[in-house]
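K.L.:
Please find one structure pasted underneath; my questions will follow.
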Amino acid sequence: MSGDSAPAAEVKAGHNGADGQSAQQPPPQQQVVAGDTLNMPRIVLHVENPLGKTVVIDATPTDCLMDIRQFLLETPESCYFTCYSLQHEGKPINDFAELAEYPELKEDRINNLKMIPGFYDESSARTHVRRLREILVNPPVHVTQKTNPYVSDPGELKKEAPGAGNSASAGAGASKGPAPPPGANTKKDGKKRNPEKAAAAGAGAAAGGGSAFDVTAYPEATRPQREKVPEVVRNINFSAWNPPPGNRRLRGDILYLEVATLEKNTLHVTCSVNGFFLNRSTRDRFDPFPAATAYTSHTLVELLKKASHSFSSKFSRLMTRRMTRHPYEVIMRPFPVHEWMARAGPHAYDWNRAEDSLLTTYGMEGGRGVLRDWNEEYQCCHEMPRDTLVDRILYNRTRYRVYLDFRDAAVKGAVAVINGNIPPINPMDEERAWVYLYNKIFFSLTIDGRDNYKGIGGDAVSHCNASHDLLGISAFEGAGVKQLYTLATLSVDYRGHRVLAQSIIPGIFHGDQASTHVYGSMDGNDRIKADPKFHALMKEAANKLHLKEHTVIDKKDNTVTIASCSETKGIIGSDRRHYVLDLTRYFPRDANFPNYKTHPTALLRPELVTHYCYNEAIKSIMEKRTAELKKEQERKKAADEKKDGDESKSGAGGEGVQAKGKKEEAGPSEGKKTTPAPGQIKVIKFNPDVFCDVKMADPEEEKNDKLTVVAASQFLSRALLPKLMTAFRSLQESPLDGTSLTDIMHKNGINVRYLGRMAGLAIKLQIPHIASLCTNEMIVRAAKHVLNSMLRDVKPDLHENQETWFLAPCIVRFLNTFLGPNCCGKGLSDDQLRAAGELLDVQDQEDRKGAKKQLPRGKSRGSKKKKSGKRGDDSTAVKLADGRKAPTNPLAPANLWIKIHRLVKKKFDVKLPLKSNSFTPRRKLCMLRSLCKKVGIQLSCKAYDFDSKDGLVFQIDDVLDLFPVVKTVELSSKDASACIDQAKLFMSQDRLQGAYQKLNDAQGILHQTYGPLHEQTALCYSLLALVCYRAADVPQAVEMQQKALIVYQRTKGMDHYETAYAHSMLALFLHSMGLSKHALNHIRKSLYLLELMCGPNHPDVASAHVNVGMIYQETNEVVTALAHFKRAKEIFSSVLGAKHSQIGLCEHTIAVANSFMGNFKEAMTCEIASQNLYKASFGEKSRRVQESKIWLAWFTKQASEVAKGLTKAKGGLMPIPPHLSPFVWLSLQKLTPTRGVSELVQLIQLSRLRAKQQLAAAAAAATDKTKTVANGVPQVSETNASVENSGAANPVNGNTTEMTKAQKRKLKRQKQKQKKAAAAAAAAAVTTAS
């Protein structure tokens, strides 16, 4: 095998190559690789194909032979070999076994394997032909793995010399401050560029962000087209002579092929048991005997090479193609990632795709062969040991792979169910109650088919419960009760429907004898069961999830004690496993929405339960500690008073009294502990059945349980919400779009239904960008429900216009109304809105009378009977003021926006203003992106005119496709998360070596578990990059951040907010290396993505403008840089106010830019404004104010010299003393290392530190006592002195040893000397700088 393909083996087959490099050539900078971190040995395999070529694979003992075979299929030297067996020293190896099961495969030497050709059967023959077709359409290439393109070319640094030295020093000393701004001559640059054009080009849409934004620069649309594959054969088809007749099948014939070569010859090929050969058949005559020229081969490729000279030469060239790409760009994605905007490409000619669509099995592997038992595979993973780290890695890895396969099959099956391609298993029931069983997966539409939620929301409640079920399963599996099993579950949103896919409990469809319901209620609380053994397991899980064991009374007056909500079901399957399902209401209800009938799905999130319990635990610990400290101080005071009264006494008697007093003091002090016992910590548990239609056995207990839930709900509304808004105001948290906003809310335990309250708080606290973001998210979520209901009703119907038959016209008409000229009721009269409201009331009454319910899209929808009353007749007519009938079309602007307005009011309890003029084209673009991602719509990448006068913003051809939106159970590694949390803590303490080691450990765990393409892996790489940057290893930081960027792009999407931040951080590191050209490219991409997600007026957009300006300033394009700085100032002023500290930063950058241009008076004015803002925000003595004074002094000096004629106004500037760079300020604020560390963890660590100090103080006190008794002279040990110097002699730290007055005076004099020396050093530094 060539050297270029060998490194990929470590990434693809072994999953242990952190950097995608081979074992023979370890990474030059990354010293700790994944295998070394986990002590996982490596096995080097040399696989020889039937032609004698060797492929080198670096694997681990846990790798399966199927992984090796998969890698061989992706290697050019062996890609077309499909029917073979692997042998080692003449002994065959099982394809489904792990390498560890073969002890003859040694770790310290090269192991030679051979590919021995096997015999074909019908399945393997079809697989072989299919693989050749895949190669001809998308051939594998030799990938030259360029891990870091930014540092591989040493001449790059020389080309960008003007800013290289300054920027490199900035990266090397990020903690101390960047290098001085270069003294560039901007006069020469001014001759080359027009300042006005430069400013316009640099700042982009500086005035309001209107039509200047180019949406066609979307990354997915601008990606270069794949290189056209050269044609090596015209086509390979299955012959019409198939299947072979009986006599030929008995002689070994399996199938026949027709191959049209480039020489315009038609070859008829027979696939037999032992290979391929040419036969004598033609299209008119069947002659299966070998042709006169007896070409035979075990593979079809080798046969065609012999029969066609063109195929031989071109296929050989096809297999020698090379490509320079990063290793992570060639690895197959674990799951498809759909973009909401794409370029409509040509429809390629592909035989395999055509056959797949015609003979699709909807996710069933192996065609119609043996079905995979998804439940058995998933539960076998659950039963794997998890005692050691290696065990947990194998458990998570196996579970992840099984769940990915289940996801692929379930999504394909769900799409087939929605398209009506799979029949229900209960066709005699009502259509709404249909369920589906396919590929051993149970599919059900999230509609209230059995009327379980009738009167409290119906279909809407069932739709929401699917998300709650996934959340409950994730939390339940996190509890780690090994004897309780959950089902593999996910939900799929497609074409307006939501389908819940689950694995099947064994015996659930085979009667009561096969599976048994033993826990919870199956029939709406008519009868609640609680098996003792099952209850013990549920209680164990409830204790870990802060849930309370409680007693309820079912509708048959039976008293039952349960440890979950009454709706959770426990079933013992035929495999005797204990299954838990229906975890939709596993967590307590939100007492801020106590009415169960109006808000049946208002539950508290598990994150809130955790935050509240931690907060109360910390509060109880601190209260306990405060009480103990108070008692200790009182005891100490009493001892001091007693000691002062005995000072007149001396001699042995006095010593005896003192010793006796010490003994008396030791009694109570030994009995007291600063850290309370675990039983003394306040334990909080919630009853999930309060505020529900469940009857409790003990009313007094129910009252107390309600108070607990009310306290947690008030903690959410009174503590967490204001705290989050404060974080938004201070820019500690800065959401960009609806996804990032909901992620931040969920991380803090806040539900999406609080968006209305957040919008009100944002307006009150004057945070306009948060208020706008919350408003957009509420409107888009309401519009999503309206559009989904319309998509569900799209069907061919002879009584309707053909425009309503298909999905694309429906989507286009909705988008034109939703985002057209009448967006949010703009341009509509009050009379039109009033009539639309009345019409909606009438239609709602009709729907309630007719019991209109959601129906699945099935085969019988076209035969559904028409209602006798059609909307739009006189019975539902509403008159306008001028006597005309109001339009009844639901897509009329007034009707649509009144419906959206009411949905927002119902879901978020907020009344939005209609006829608003604040919905600019840029804001509409953000809403369009959010809606498409939520519904699953892919549009053509083009500039849409949202101000079109005719209202036709979108055309039918603009809708390219619909894609499924999948929600899954959260899969993450707890070991890796713990390492990452510890690394963040070390980074906050500036312990970079420890942080680097922990992140390397996490990286190794993640690579062994999930491979490189995983969300946690990207986070680990980002933190590694930051650690390397702070440790002055900028090239390594660039390499790590580049990996993080690629992983985010391939797992999250091209326009995800994490991808935008990754571009920004990579630009920072490249800028620090002096590669301004590459840095400018990435920061521009970041700025584009930021504006695409949140519009032009957002703090992060302003920060990006500052960063772009800094890079332009480094490259001497000061005019363009100044335009970006001014644009950043405008944005900050509009969203944060004119007195925010970020305005001071912008004023400072503008001052520096003016100084580069020689405008020192303007620079002085801006710097004075910056200094005043800093004084108001941070105080007179803050570091930023002192730095601003130095800058102002330098500007003043330069201005005076220019006025006196000593220097020229432009050019000849001297370097400015180095201080904080605005670029570093605005880029590093997104990766604050202290975020994400639990307060409880910090408290525990602080308690341990104090305990150590107490032990040291106690030992020192005991030593002092011994010396005092022996010598009769009071002494102070060195340990006590050090404790006193560190502040540990106070009662908080438990040190009761007293110092004499002389010792205190001496210690005070030492501290005064230290302060004077520090002040003198600071003054000398300021003098030197000025």
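So you can find residues: chains in the structure tokens are A, B, ... in the order shown, residues in each start at 1, and ligands are numbered from 1 in order.
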I'd like to know which residues of region 378-610 of chain A are alpha helix (DSSP H) (by DSSP, run on the backbone); could you write them as a PyMOL selection string?

P.N.:
chain A and resi 378-382+389-418+459-479+532-544+606-610

K.L.:
Determine, using only C-alpha atoms, which residues of region 438-490 of chain A have any atom at most 7 Å from an atom of region 576-587 of chain A, and tabulate each with its shortest atom pair and distance in Å to one decimal place, rows ordered by chain and then rising number, as a tab-separated table.

P.N.:
```
residue	atom	partner	partner_atom	distance
A:Asn465	CA	A:Thr584	CA	5.4
A:His468	CA	A:Thr584	CA	4.7
A:Asp469	CA	A:Thr584	CA	4.1
A:Gly472	CA	A:Leu583	CA	5.2
A:Ile473	CA	A:Leu583	CA	6.5
A:Gln483	CA	A:His578	CA	6.7
A:Leu484	CA	A:His578	CA	5.3
A:Tyr485	CA	A:Tyr579	CA	4.7
A:Thr486	CA	A:Val580	CA	5.4
```

K.L.:
Using only C-alpha atoms, which of the listed residues (A:Ala976, A:Leu765, A:Val411, A:Val609) sits closest to Ser491 (chain A)?

P.N.:
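Checking each of A:Ala976, A:Leu765, A:Val411, A:Val609 against Ser491 (chain A), counting only C-alpha atoms, the winner is A:Val411.
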
K.L.:
Can you tell me which residues surround region 331-338 of chain A at a distance of at most 7 Å, considering only C-alpha atoms, apart from same-chain residues fewer than 4 positions away, and format the answer as an NGL selection string?

P.N.:
:A and (12 or 327 or 1013 or 1050-1051 or 1053)

K.L.:
Rank nothing, just name the residue among A:Ile744, A:Met725, A:Cys381, A:Ile937 nearest to Arg397 (chain A), using only C-alpha atoms.

P.N.:
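Comparing A:Ile744, A:Met725, A:Cys381, A:Ile937 against Arg397 (chain A), the winner is A:Cys381.
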
K.L.:
As a ChimeraX atom specification, please: every residue in region 244-402 of chain A that DSSP puts in strand (DSSP E or B).

P.N.:
/A:253-260,266-272,275-279,290,296-297,322-325,341-342

K.L.:
Could you give me, as a compact mmCIF listing (two decimals) with C-alpha atoms, in the first residue's frame, the residues within 9 Å of region 129-145 of chain A, counting only C-alpha atoms and dropping anything in the same chain fewer than 4 positions from it?

P.N.:
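File written: out-v6.txt
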```
# COMPACT_ATOMS: atom_id res chain seq x y z
CA SER A 2 1.22 3.50 -0.71
CA GLY A 3 2.29 5.77 2.10
CA ASP A 4 -0.59 8.15 1.53
CA SER A 5 -3.27 5.65 2.39
CA PRO A 7 -2.44 7.10 7.83
CA ALA A 8 -6.15 6.83 7.12
CA GLY A 20 -4.86 11.11 11.57
CA GLN A 21 -1.21 10.11 11.23
CA LEU A 73 -13.20 -1.38 0.59
CA GLU A 74 -12.21 2.31 0.79
CA THR A 75 -8.59 1.79 -0.23
CA PRO A 76 -7.82 2.09 -3.98
CA CYS A 79 -11.59 -1.43 -3.21
CA TYR A 80 -13.07 -3.85 -5.77
CA PHE A 81 -12.38 -7.09 -3.87
CA THR A 82 -15.59 -8.09 -2.12
CA SER A 124 -22.21 -11.71 -2.94
CA ALA A 125 -22.37 -11.51 -6.74
CA VAL A 229 -15.01 11.37 -12.89
CA PRO A 230 -13.65 10.18 -16.25
CA GLU A 231 -15.83 7.62 -18.00
CA VAL A 232 -14.25 4.15 -18.16
CA VAL A 233 -17.28 2.14 -19.33
CA ASN A 235 -22.84 1.00 -18.54
CA ILE A 236 -23.05 -2.24 -16.60
CA LEU A 300 -15.24 -8.22 -12.80
CA VAL A 301 -12.60 -5.46 -12.92
CA PHE A 315 -9.42 2.46 -14.72
CA LEU A 318 -8.71 6.35 -12.04
CA MET A 319 -7.19 4.37 -9.17
CA THR A 320 -4.04 6.55 -9.08
CA ARG A 321 -5.79 9.86 -8.52
CA ARG A 322 -4.57 11.87 -5.56
CA MET A 323 -6.21 14.52 -3.41
CA THR A 324 -4.84 16.79 -0.69
CA ARG A 325 -7.39 16.96 2.09
CA HIS A 326 -7.50 16.85 5.83
CA PRO A 327 -8.03 13.31 7.17
CA VAL A 330 -12.59 12.02 4.04
CA TYR A 349 -26.65 9.36 -14.07
CA ASP A 350 -26.31 6.61 -11.44
CA TRP A 351 -27.42 2.99 -11.89
CA ASN A 352 -27.22 2.15 -8.21
```
